[in-house]
Number of protein chains: 2
Amino acid sequence: MRPRMVAALEALLEIEFSAFIDLRQRNPLCEARLEGMTNFPEAFDRFARKILSANLSDAAHLRFQSLARLVALDRDRALEFEGTSSQLIFVGHGATKLVAHASEARDQIVAFHFVGDVFTVPEQDNYSYSVCALRDCDLLTFGANEFLDLAASEAPILRHLLDNTTSSLRRCREKTIALGRKTASERVAVFLLAMGERIGVRKGGSVLLELPMSRRDIAESLGLTIETVSRQLSLLREAGAIATTGRSGIVLRDVGMLKARAGYLRDAA
Amino acid sequence: MRPRMVAALEALLEIEFSAFIDLRQRNPLCEARLEGMTNFPEAFDRFARKILSANLSDAAHLRFQSLARLVALDRDRALEFEGTSSQLIFVGHGATKLVAHASEARDQIVAFHFVGDVFTVPEQDNYSYSVCALRDCDLLTFGANEFLDLAASEAPILRHLLDNTTSSLRRCREKTIALGRKTASERVAVFLLAMGERIGVRKGGSVLLELPMSRRDIAESLGLTIETVSRQLSLLREAGAIATTGRSGIVLRDVGMLKARAGYLRDAA
DNA sequence: CAGCCGCATTGATCTGAATCAATTTGGCGA
DNA sequence: TCGCCAAATTGATTCAGATCAATGCGGCTG
């Protein structure tokens, strides 16, 4: 840790703290955990390693740091961004869902994000968006415009963001395919495979999953109802493709069978 | 036009031409128009103005140019990218659809792109992608990796690409919302409003649209069938929200009514 | 560890959009 | 200008998944 940054950090944490109080006052849903505050240096450090280029000057490093706001978000709490311009978010710890709100309380989960992910929350236009914690989270938030202005001449940073955005886009397109053209059972299979890739643990031929999201979340992500998701999981269990333990544990026993049921392009490499 | 570039251009066009012949031989679907070849300088110039930074050195400019391949794609012709790594595409002229192929010839249109748009075609993984011309097109294609390597230290270029990718992502998320949570009539209304924004011509209180895509394309984009799209258009016509002229002309007579039927967040700014 | 609450599962019925089928129409070439 | 063909419209029926309803069970609290 660079010693000359300590004083600056303390100042920043003060700023952070007031911003946090401010946020909580404006938004009752955001009830950040006080003890989470100490995570700011750690979270920012992880963010810096992932996104900021290694040879960034200390001054620039500090400027990015002063732009960051830590939000410690308890499970099921949501960050709303009404009226705010678009935000850049880094998941320092935990797991989140990005929810779009359409009319009549019809919500669509647009994406899940896990530790280390970076993503943007669009400005409100035809829909409003919120970020909701699936587990207790430490998030770093930046105003996207301010961040990009600061990164204007830092090509490596822009490149990192571009790569991140491109994979978000790829995932979003795959979701589009699932929602547009797939049956309920295919969607559930696709979901399980994707989660296996992102947060699964390989064990022998199986993949162990500890899902942080509820059946409702899965349903809202796949454009289905909880009942349909549940039925499809039961069918997969009966077919021997998966096993379930408790409410959140799922073992992908037969990944081949899942892939066959996912409606993927045949003979995919 | 910088005079010292002429010789280089001629050389490049030769390269371009052989690449084009090569492409056509490898892929019978790609039957480029010969007379389109002369559009390369013009198309690249437009691309440069949009994406490359103004103060790029001539040498760098030429390097980007040598990476570009012009593909003149006739209406209904498709560019397949099997086995290719991901591509960056600029629409110099015309309109395209980006199609994802899932199993059993179920295709989902992932996005439409129009003159001046830049977008990436992902590498094949669970799905294969193709770019299909809605009208006769001039496209510039780049290997995405090569392009990004070349742009590695050109922050303004990366910034342009990032902005483009971010808006693609926003549009894709909005499509996700539509496919996940909206009824057929809402989807059609959303589609018409979005096309009005992108390629419509305001005339008085109305918006004139000349749709380059067929009902089948609309259906494949919205996750519906042609019949359902047709029925919903008829309903909107009866309600007075739109008028249709011929097969491709649509007048958005009452944008307010369309918005009300689009299932957007109420009291959206 | 007992009891409760909310999530999840399972079952019965309903419905919006798909599918199947028959016309109609617009646009193009002879 | 006519006639043809593909695209679009309109209608009848079917079906996947939503909705409504009841029961089961995991996990947390006292």
# chains A, B, ... in the order shown; residues from 1 in each chain; ligands from 1
>>> interface_residues(of="chain B", to="chain A", cutoff="9 Å", atoms="only C-alpha atoms", output="VMD selection string")
chain B and resid 100 to 111 120 122 124 to 128 148 151 to 159 161 to 163 165 to 166 168 to 170 172 to 182 220 to 224 263 to 266 268 to 269
>>> closest_atom_pairs(of="chain D", to="chain B", cutoff="9 Å", atoms="only C-alpha atoms (C1' of nucleotides)", output="JSON lines")
{"residue": "D:DA7", "atom": "C1'", "partner": "B:Ser214", "partner_atom": "CA", "distance": 8.3}
{"residue": "D:DA8", "atom": "C1'", "partner": "B:Ser230", "partner_atom": "CA", "distance": 7.3}
{"residue": "D:DT9", "atom": "C1'", "partner": "B:Ser230", "partner_atom": "CA", "distance": 6.8}
{"residue": "D:DT10", "atom": "C1'", "partner": "B:Arg231", "partner_atom": "CA", "distance": 8.2}
>>> residues_around(residues="region 14-28 of chain D", least_positions_apart="5", cutoff="10 Å", atoms="only C-alpha atoms (C1' of nucleotides)", output="mmCIF file with C-alpha atoms (C1' of nucleotides), in the first residue's frame")
data_model
loop_
_atom_site.group_PDB
_atom_site.id
_atom_site.type_symbol
_atom_site.label_atom_id
_atom_site.label_comp_id
_atom_site.auth_asym_id
_atom_site.auth_seq_id
_atom_site.Cartn_x
_atom_site.Cartn_y
_atom_site.Cartn_z
ATOM 1 C CA THR A 183 -39.437 -23.207 -24.780
ATOM 2 C CA ALA A 184 -39.636 -23.131 -21.011
ATOM 3 C CA LEU A 224 -41.483 -17.356 -17.119
ATOM 4 C CA THR A 225 -43.459 -17.852 -13.896
ATOM 5 C CA GLU A 227 -44.483 -22.387 -11.209
ATOM 6 C CA THR A 228 -43.135 -23.114 -14.674
ATOM 7 C CA GLY A 246 -32.334 -27.676 -0.229
ATOM 8 C CA ARG A 247 -33.592 -24.494 -1.812
ATOM 9 C "C1'" DC C 4 -43.857 -20.937 12.181
ATOM 10 C "C1'" DC C 5 -43.419 -18.385 7.882
ATOM 11 C "C1'" DG C 6 -42.483 -17.887 3.268
ATOM 12 C "C1'" DC C 7 -40.697 -20.191 -0.583
ATOM 13 C "C1'" DA C 8 -41.312 -24.037 -3.458
ATOM 14 C "C1'" DT C 9 -43.852 -27.748 -5.430
ATOM 15 C "C1'" DT C 10 -47.761 -29.911 -7.482
ATOM 16 C "C1'" DG C 11 -52.398 -29.913 -9.496
ATOM 17 C "C1'" DA C 12 -56.585 -27.959 -12.265
ATOM 18 C "C1'" DT C 13 -58.181 -24.691 -15.405
ATOM 19 C "C1'" DC C 14 -57.810 -20.855 -18.580
ATOM 20 C "C1'" DT C 15 -55.937 -17.973 -22.252
ATOM 21 C "C1'" DG C 16 -52.831 -15.595 -25.574
ATOM 22 C "C1'" DA C 17 -50.342 -16.663 -29.174
ATOM 23 C "C1'" DA C 18 -48.939 -20.598 -32.223
ATOM 24 C "C1'" DT C 19 -50.338 -23.463 -35.700
ATOM 25 C "C1'" DC C 20 -53.002 -24.828 -39.539
#
>>> select_by_dssp(residues="region 128-190 of chain A", states="helix (DSSP H, G or I)", output="PyMOL selection string")
chain A and resi 144-150+155-181+184-190
>>> select_by_dssp(residues="region 163-268 of chain A", states="strand (DSSP E or B)", output="number ranges by chain")
A: 201-203, 206-210, 242-245, 249-252
>>> write_last_selection(atoms="N, CA and C atoms", output="compact mmCIF listing (two decimals), in the first residue's frame")
# COMPACT_ATOMS: atom_id res chain seq x y z
N VAL A 201 -18.94 -24.95 -9.53
CA VAL A 201 -17.69 -25.58 -9.12
C VAL A 201 -17.66 -26.98 -9.72
N ARG A 202 -16.68 -27.26 -10.54
CA ARG A 202 -16.57 -28.58 -11.16
C ARG A 202 -16.19 -29.61 -10.11
N LYS A 203 -16.88 -30.72 -10.13
CA LYS A 203 -16.51 -31.81 -9.22
C LYS A 203 -16.76 -33.11 -9.97
N SER A 206 -19.56 -33.64 -12.61
CA SER A 206 -20.69 -32.78 -12.26
C SER A 206 -20.25 -31.34 -12.02
N VAL A 207 -21.23 -30.46 -11.95
CA VAL A 207 -20.97 -29.07 -11.60
C VAL A 207 -21.86 -28.74 -10.41
N LEU A 208 -21.26 -28.25 -9.35
CA LEU A 208 -22.03 -27.88 -8.16
C LEU A 208 -22.39 -26.41 -8.23
N LEU A 209 -23.66 -26.15 -7.93
CA LEU A 209 -24.14 -24.77 -7.98
C LEU A 209 -24.80 -24.42 -6.65
N GLU A 210 -24.47 -23.26 -6.13
CA GLU A 210 -25.17 -22.72 -4.97
C GLU A 210 -25.81 -21.42 -5.44
N ILE A 242 -30.23 -33.27 -13.28
CA ILE A 242 -29.79 -32.49 -12.12
C ILE A 242 -30.25 -33.15 -10.83
N ALA A 243 -29.65 -32.72 -9.74
CA ALA A 243 -30.15 -33.06 -8.41
C ALA A 243 -30.22 -31.77 -7.63
N THR A 244 -31.17 -31.69 -6.69
CA THR A 244 -31.28 -30.46 -5.92
C THR A 244 -31.08 -30.78 -4.45
N THR A 245 -30.42 -29.88 -3.74
CA THR A 245 -30.25 -30.02 -2.30
C THR A 245 -30.73 -28.75 -1.65
N GLY A 249 -29.27 -25.28 -3.60
CA GLY A 249 -28.21 -26.12 -4.15
C GLY A 249 -28.69 -26.92 -5.34
N ILE A 250 -27.92 -26.90 -6.40
CA ILE A 250 -28.24 -27.69 -7.59
C ILE A 250 -26.97 -28.35 -8.09
N VAL A 251 -27.05 -29.63 -8.39
CA VAL A 251 -25.92 -30.33 -8.97
C VAL A 251 -26.25 -30.64 -10.42
N LEU A 252 -25.43 -30.16 -11.33
CA LEU A 252 -25.61 -30.50 -12.74
C LEU A 252 -24.94 -31.87 -12.94
>>> atom_distance(atom1="CA of Arg261 (chain A)", atom2="CA of Gly196 (chain A)")
15.1 Å
>>> atom_distance(atom1="CA of Leu233 (chain A)", atom2="CA of Leu192 (chain A)")
9.8 Å
>>> residues_around(residues="region 256-258 of chain B", least_positions_apart="5", cutoff="8 Å", atoms="only C-alpha atoms (C1' of nucleotides)", output="PyMOL selection string")
chain B and resi 189-190+193+241
>>> atom_distance(atom1="CA of Leu70 (chain B)", atom2="CA of Ile218 (chain B)")
27.4 Å
>>> residues_around(residues="Cys137 (chain A)", least_positions_apart="2", cutoff="7 Å", atoms="only C-alpha atoms (C1' of nucleotides)", output="list in words")
Ala72, Leu73, Asp74, His93, Gly94, Ala95, Ala133, Arg135 and Leu139 of chain A
>>> write_last_selection(atoms="N, CA, C and O atoms", output="mmCIF file, in the first residue's frame")
data_model
loop_
_atom_site.group_PDB
_atom_site.id
_atom_site.type_symbol
_atom_site.label_atom_id
_atom_site.label_comp_id
_atom_site.auth_asym_id
_atom_site.auth_seq_id
_atom_site.Cartn_x
_atom_site.Cartn_y
_atom_site.Cartn_z
ATOM 1 N N ALA A 72 -22.574 -0.425 0.521
ATOM 2 C CA ALA A 72 -22.716 -1.747 1.125
ATOM 3 C C ALA A 72 -24.208 -2.042 1.176
ATOM 4 O O ALA A 72 -24.966 -1.360 1.857
ATOM 5 N N LEU A 73 -24.606 -3.031 0.382
ATOM 6 C CA LEU A 73 -26.033 -3.251 0.164
ATOM 7 C C LEU A 73 -26.424 -4.596 0.773
ATOM 8 O O LEU A 73 -25.899 -5.634 0.375
ATOM 9 N N ASP A 74 -27.345 -4.553 1.737
ATOM 10 C CA ASP A 74 -27.795 -5.806 2.342
ATOM 11 C C ASP A 74 -28.639 -6.613 1.372
ATOM 12 O O ASP A 74 -29.250 -6.057 0.455
ATOM 13 N N HIS A 93 -18.005 -7.480 -3.804
ATOM 14 C CA HIS A 93 -18.338 -8.627 -2.980
ATOM 15 C C HIS A 93 -19.829 -8.876 -3.133
ATOM 16 O O HIS A 93 -20.608 -7.940 -3.173
ATOM 17 N N GLY A 94 -20.227 -10.133 -3.225
ATOM 18 C CA GLY A 94 -21.648 -10.450 -3.279
ATOM 19 C C GLY A 94 -22.132 -10.759 -4.688
ATOM 20 O O GLY A 94 -21.344 -11.106 -5.573
ATOM 21 N N ALA A 95 -23.437 -10.648 -4.878
ATOM 22 C CA ALA A 95 -24.064 -10.939 -6.169
ATOM 23 C C ALA A 95 -25.292 -10.063 -6.320
ATOM 24 O O ALA A 95 -25.987 -9.791 -5.336
ATOM 25 N N ALA A 133 -29.450 -6.530 -4.377
ATOM 26 C CA ALA A 133 -28.468 -7.481 -3.845
ATOM 27 C C ALA A 133 -29.089 -8.855 -3.634
ATOM 28 O O ALA A 133 -30.109 -8.993 -2.966
ATOM 29 N N ARG A 135 -27.117 -11.320 -2.405
ATOM 30 C CA ARG A 135 -26.451 -11.562 -1.125
ATOM 31 C C ARG A 135 -25.996 -10.197 -0.625
ATOM 32 O O ARG A 135 -26.012 -9.233 -1.379
ATOM 33 N N LEU A 139 -20.542 -2.752 -3.244
ATOM 34 C CA LEU A 139 -20.488 -2.264 -4.624
ATOM 35 C C LEU A 139 -19.703 -0.964 -4.675
ATOM 36 O O LEU A 139 -19.779 -0.144 -3.756
#
